[in-house]
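The structure under discussion appears below in the form of structure tokens.
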Amino acid sequence: MKNVYIPIEMEVEKNYFETSDRMIKTLKLKFIDEKFEFQPGQFCEFSILGKGEAPFGIASSPHVKDSIEFSINRAGVVTKAIHELRVGDIVGMRGPLGNYYPVDDMKGHNVVVIGGGFAFTTLRSLIEYMLHEKYRADYKDIKVIYGARNPGLLLYKDLLDNWEKRDDIETYFTIDQAVEGWEKLVGFVPTVTEQVAPSPENCYAIVCGPPIMIKFTLPVLLKLGFPKDKIITSLERRMKCGIGKCGRCNLGEHYICKDGPVFNFSQIEKLPNEV
């Protein structure tokens, strides 16, 4: 961006509900005059005049150049206003902000992506990036473990179906409790991760989800033998202003919005216990 304090204008091109409870909406925003490029794992500050702004992880792949997507949970004043936007409305956007998943370091490695709930947004961006024909040869085996409370709360259902049909990615989709008609895995993400038991050999593990899911998944990965510097997660829930000025995202000596939100396990261990 030319000025990190001033949002650029973007137009709502498409919006639709992702989940059966109608609490998560995906918005496709079209660049109007100014554009920017980003990497998987980065986030933006989404603003609506008179309502405020809030940070959200980018859900679309960097190879899409004319638009950008976000999947947003309705939880407050700003997100309510975002859900009420219509096609053609103009919104503000500051970004891209923060660091990103180590896509260059991961080249030549196997990758297991582990996600839960609506925190799957930036993981979708990462997976679509790695699966793109331009980049797929850079990565070896790709496994995806993704779970939600019930089938209706899984994001990107058409995309999940497409991944299942591909022969260059393994997918494991799970829900917390069995329901009629569900024929895939049943169980919490940490338990399923232990059952799938991805090999730590030459492998990165990327984890993003609710704090409780991350809390119980990281020990599973350590038990499986993953090195701490190859276990990667995102603290995007800590994001506030995005540029380290408000001070509300700081943990110890770090500003999560500038030094993160992506950290490896070794780095997280050194942060205060309030993570």
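By convention in this document, the chains of the structure tokens carry letters A, B, ... by their order, each chain's residues are numbered from 1, and ligands are numbered from 1 in the order they are shown.
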> Leaving out region 83-94 of chain A and any residue of its chain fewer than 4 positions from it, which residues lie within 8 Å of it when counting only C-alpha atoms, given as a PyMOL selection string?
Replying inline: chain A and resi 1+4-15+25+44-49+72+74+79
> Near Arg237 (chain A), within 9 Å and counting only C-alpha atoms, which residues show up once chain neighbours fewer than 4 positions away are dropped, as a list in words?
Replying inline: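 Here the answer would be Pro55, Phe56 and Pro261 of chain A.
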For those residues, write N, CA and C atoms to a file as a short mmCIF file (atom, residue, chain, number, x, y, z; two decimals), in the first residue's frame.
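As written to disk, out-v5.cif reads:
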data_model
loop_
_atom_site.label_atom_id
_atom_site.label_comp_id
_atom_site.auth_asym_id
_atom_site.auth_seq_id
_atom_site.Cartn_x
_atom_site.Cartn_y
_atom_site.Cartn_z
N PRO A 55 -9.59 -6.71 11.68
CA PRO A 55 -8.66 -7.51 10.89
C PRO A 55 -9.21 -8.90 10.57
N PHE A 56 -8.92 -9.36 9.35
CA PHE A 56 -9.36 -10.69 8.93
C PHE A 56 -8.28 -11.32 8.05
N PRO A 261 1.37 -12.56 12.16
CA PRO A 261 0.83 -13.45 13.19
C PRO A 261 1.35 -14.88 13.15
#
>> I'd like to know which residues of region 25-265 of chain A are strand (DSSP E) (by DSSP, run on the backbone); could you write them as a PyMOL selection string?
In response: chain A and resi 25-31+43-48+52-57+67-73+90-97+110-116+142-148+170-175+185-186+203-208+231-234+250-251+254-255+262-264
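By only C-alpha atoms, and with residues fewer than 3 positions from Val77 (chain A) along its chain excluded, the set lying at most 7 Å from it is Lys51, Lys80 and Ala81 of chain A.
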Requested write-out: N, CA and C atoms of the selected residues, as a compact mmCIF listing (two decimals), in the first residue's frame:
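Resulting contents of out-v5.txt:
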# COMPACT_ATOMS: atom_id res chain seq x y z
N LYS A 51 -18.79 2.55 10.88
CA LYS A 51 -18.89 1.34 11.69
C LYS A 51 -17.57 0.96 12.33
N LYS A 80 -21.27 -7.45 11.74
CA LYS A 80 -22.70 -7.36 11.38
C LYS A 80 -22.86 -6.48 10.15
N ALA A 81 -22.15 -5.35 10.14
CA ALA A 81 -22.22 -4.45 8.99
C ALA A 81 -21.65 -5.11 7.74
>> So that I can see what lies close to Thr233 (chain A), please list as a ChimeraX atom specification the residues with an atom at most 9 Å from it, counting only C-alpha atoms and leaving out residues fewer than 2 positions away in the same chain.
In response: /A:101,205-209,214,231,235,261-265,268
> Can you list, as a PyMOL selection string, every protein, DNA or RNA residue that comes within 8 Å of Gly116 (chain A) when you count only C-alpha atoms, leaving out same-chain residues fewer than 2 positions away?
Replying inline: chain A and resi 114+118-120+146-148+189+208-210+213
Near Lys35 (chain A), within 9 Å and counting only C-alpha atoms, which residues show up once chain neighbours fewer than 3 positions away are dropped, as a compact mmCIF listing (two decimals) with N, CA and C atoms, in the first residue's frame?
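Output file part-v7.txt follows:
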# COMPACT_ATOMS: atom_id res chain seq x y z
N MET A 1 0.83 -1.19 0.00
CA MET A 1 0.00 0.00 0.00
C MET A 1 0.88 1.25 0.00
N ILE A 8 -7.59 1.54 0.88
CA ILE A 8 -7.95 1.64 -0.52
C ILE A 8 -9.40 1.21 -0.68
N PHE A 31 -10.63 -5.31 -6.65
CA PHE A 31 -9.79 -4.12 -6.63
C PHE A 31 -10.35 -3.09 -7.62
N ILE A 32 -10.31 -1.83 -7.22
CA ILE A 32 -10.84 -0.78 -8.10
C ILE A 32 -9.70 -0.04 -8.79
N LYS A 65 -5.44 -12.44 -9.01
CA LYS A 65 -4.86 -11.10 -8.98
C LYS A 65 -5.90 -9.97 -8.94
N ASP A 66 -7.12 -10.19 -9.41
CA ASP A 66 -8.07 -9.08 -9.55
C ASP A 66 -9.03 -8.94 -8.38
N SER A 67 -8.99 -9.88 -7.45
CA SER A 67 -9.93 -9.84 -6.33
C SER A 67 -9.30 -10.53 -5.13
> Can you tell me, as a list in words, what residues are no more than 9 Å from region 155-161 of chain A when counting only C-alpha atoms, ignoring any on the same chain fewer than 6 positions away?
Replying inline: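 Skipping anything fewer than 6 positions along the chain leaves Glu18, Thr19, Ile24, Ser71, Gly117, Phe118, Phe120, Thr121, Arg124, Ala148, Thr171 and Phe173 of chain A.
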Would you mind exporting the chosen residues as a PDB file, in the first residue's frame, restricted to C-alpha atoms?
ATOM      1  CA  GLU A  18     -20.697 -20.497   4.007  1.00  0.00           C
ATOM      2  CA  THR A  19     -22.332 -22.319   6.914  1.00  0.00           C
ATOM      3  CA  ILE A  24     -20.111 -17.062   8.372  1.00  0.00           C
ATOM      4  CA  SER A  71     -14.790 -15.512   5.257  1.00  0.00           C
ATOM      5  CA  GLY A 117     -13.754 -24.288  12.383  1.00  0.00           C
ATOM      6  CA  PHE A 118     -13.806 -20.923  10.628  1.00  0.00           C
ATOM      7  CA  PHE A 120      -9.567 -22.473   8.122  1.00  0.00           C
ATOM      8  CA  THR A 121      -9.559 -19.292   6.022  1.00  0.00           C
ATOM      9  CA  ARG A 124      -7.446 -22.425   2.380  1.00  0.00           C
ATOM     10  CA  ALA A 148     -15.859 -28.724  12.530  1.00  0.00           C
ATOM     11  CA  THR A 171      -7.744 -35.168   2.855  1.00  0.00           C
ATOM     12  CA  PHE A 173     -12.409 -34.343   7.164  1.00  0.00           C
TER      13      PHE A 173
END
> Could you pull out the alpha helix (DSSP H) residues of region 1-122 of chain A from DSSP and send them as a count of residues only?
Replying inline: 9
> In terms of the shortest atom-to-atom distance over only C-alpha atoms, which of A:Tyr255, A:Cys246, A:Lys240, A:Pro200 is closest to Leu224 (chain A)?
Replying inline: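 Comparing A:Tyr255, A:Cys246, A:Lys240, A:Pro200 against Leu224 (chain A), the winner is A:Pro200.
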> Between A:Glu236, A:Ile58, A:Leu271, A:Asp176, which one has atoms that come closest to Glu253 (chain A), using only C-alpha atoms?
Replying inline: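 When distances to Glu253 (chain A) are compared using only C-alpha atoms, the smallest one comes from A:Leu271.
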What are the closest atom pairs, with distances in Å to one decimal, for each residue of region 9-71 of chain A lying within 10 Å of region 126-141 of chain A, using only C-alpha atoms, rows by chain and rising residue number, as a tab-separated table?
residue	atom	partner	partner_atom	distance
A:Gln39	CA	A:Leu126	CA	8.3
A:Pro40	CA	A:Leu126	CA	5.0
A:Gly41	CA	A:Leu126	CA	7.1
A:Ile58	CA	A:Leu126	CA	9.8
A:Ala59	CA	A:Leu126	CA	8.6
A:Ser60	CA	A:Glu128	CA	7.8
A:Ser61	CA	A:Tyr129	CA	5.4
A:Pro62	CA	A:Tyr129	CA	6.7
A:His63	CA	A:Tyr129	CA	7.0
A:Val64	CA	A:Tyr129	CA	9.7
> Smallest atom-to-atom distance to Ser20 (chain A): which of A:Asn99, A:Ser125, A:Asn150, A:Gln267, using only C-alpha atoms?
Replying inline: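 The closest residue to Ser20 (chain A) is A:Asn150.
The space separating CA of Ile256 (chain A) from CA of Phe226 (chain A) comes to 24.1 Å.
Closest approach to Met23 (chain A) among A:Leu185, A:Val103, A:Ile145, A:Leu154: A:Leu154, based on only C-alpha atoms.
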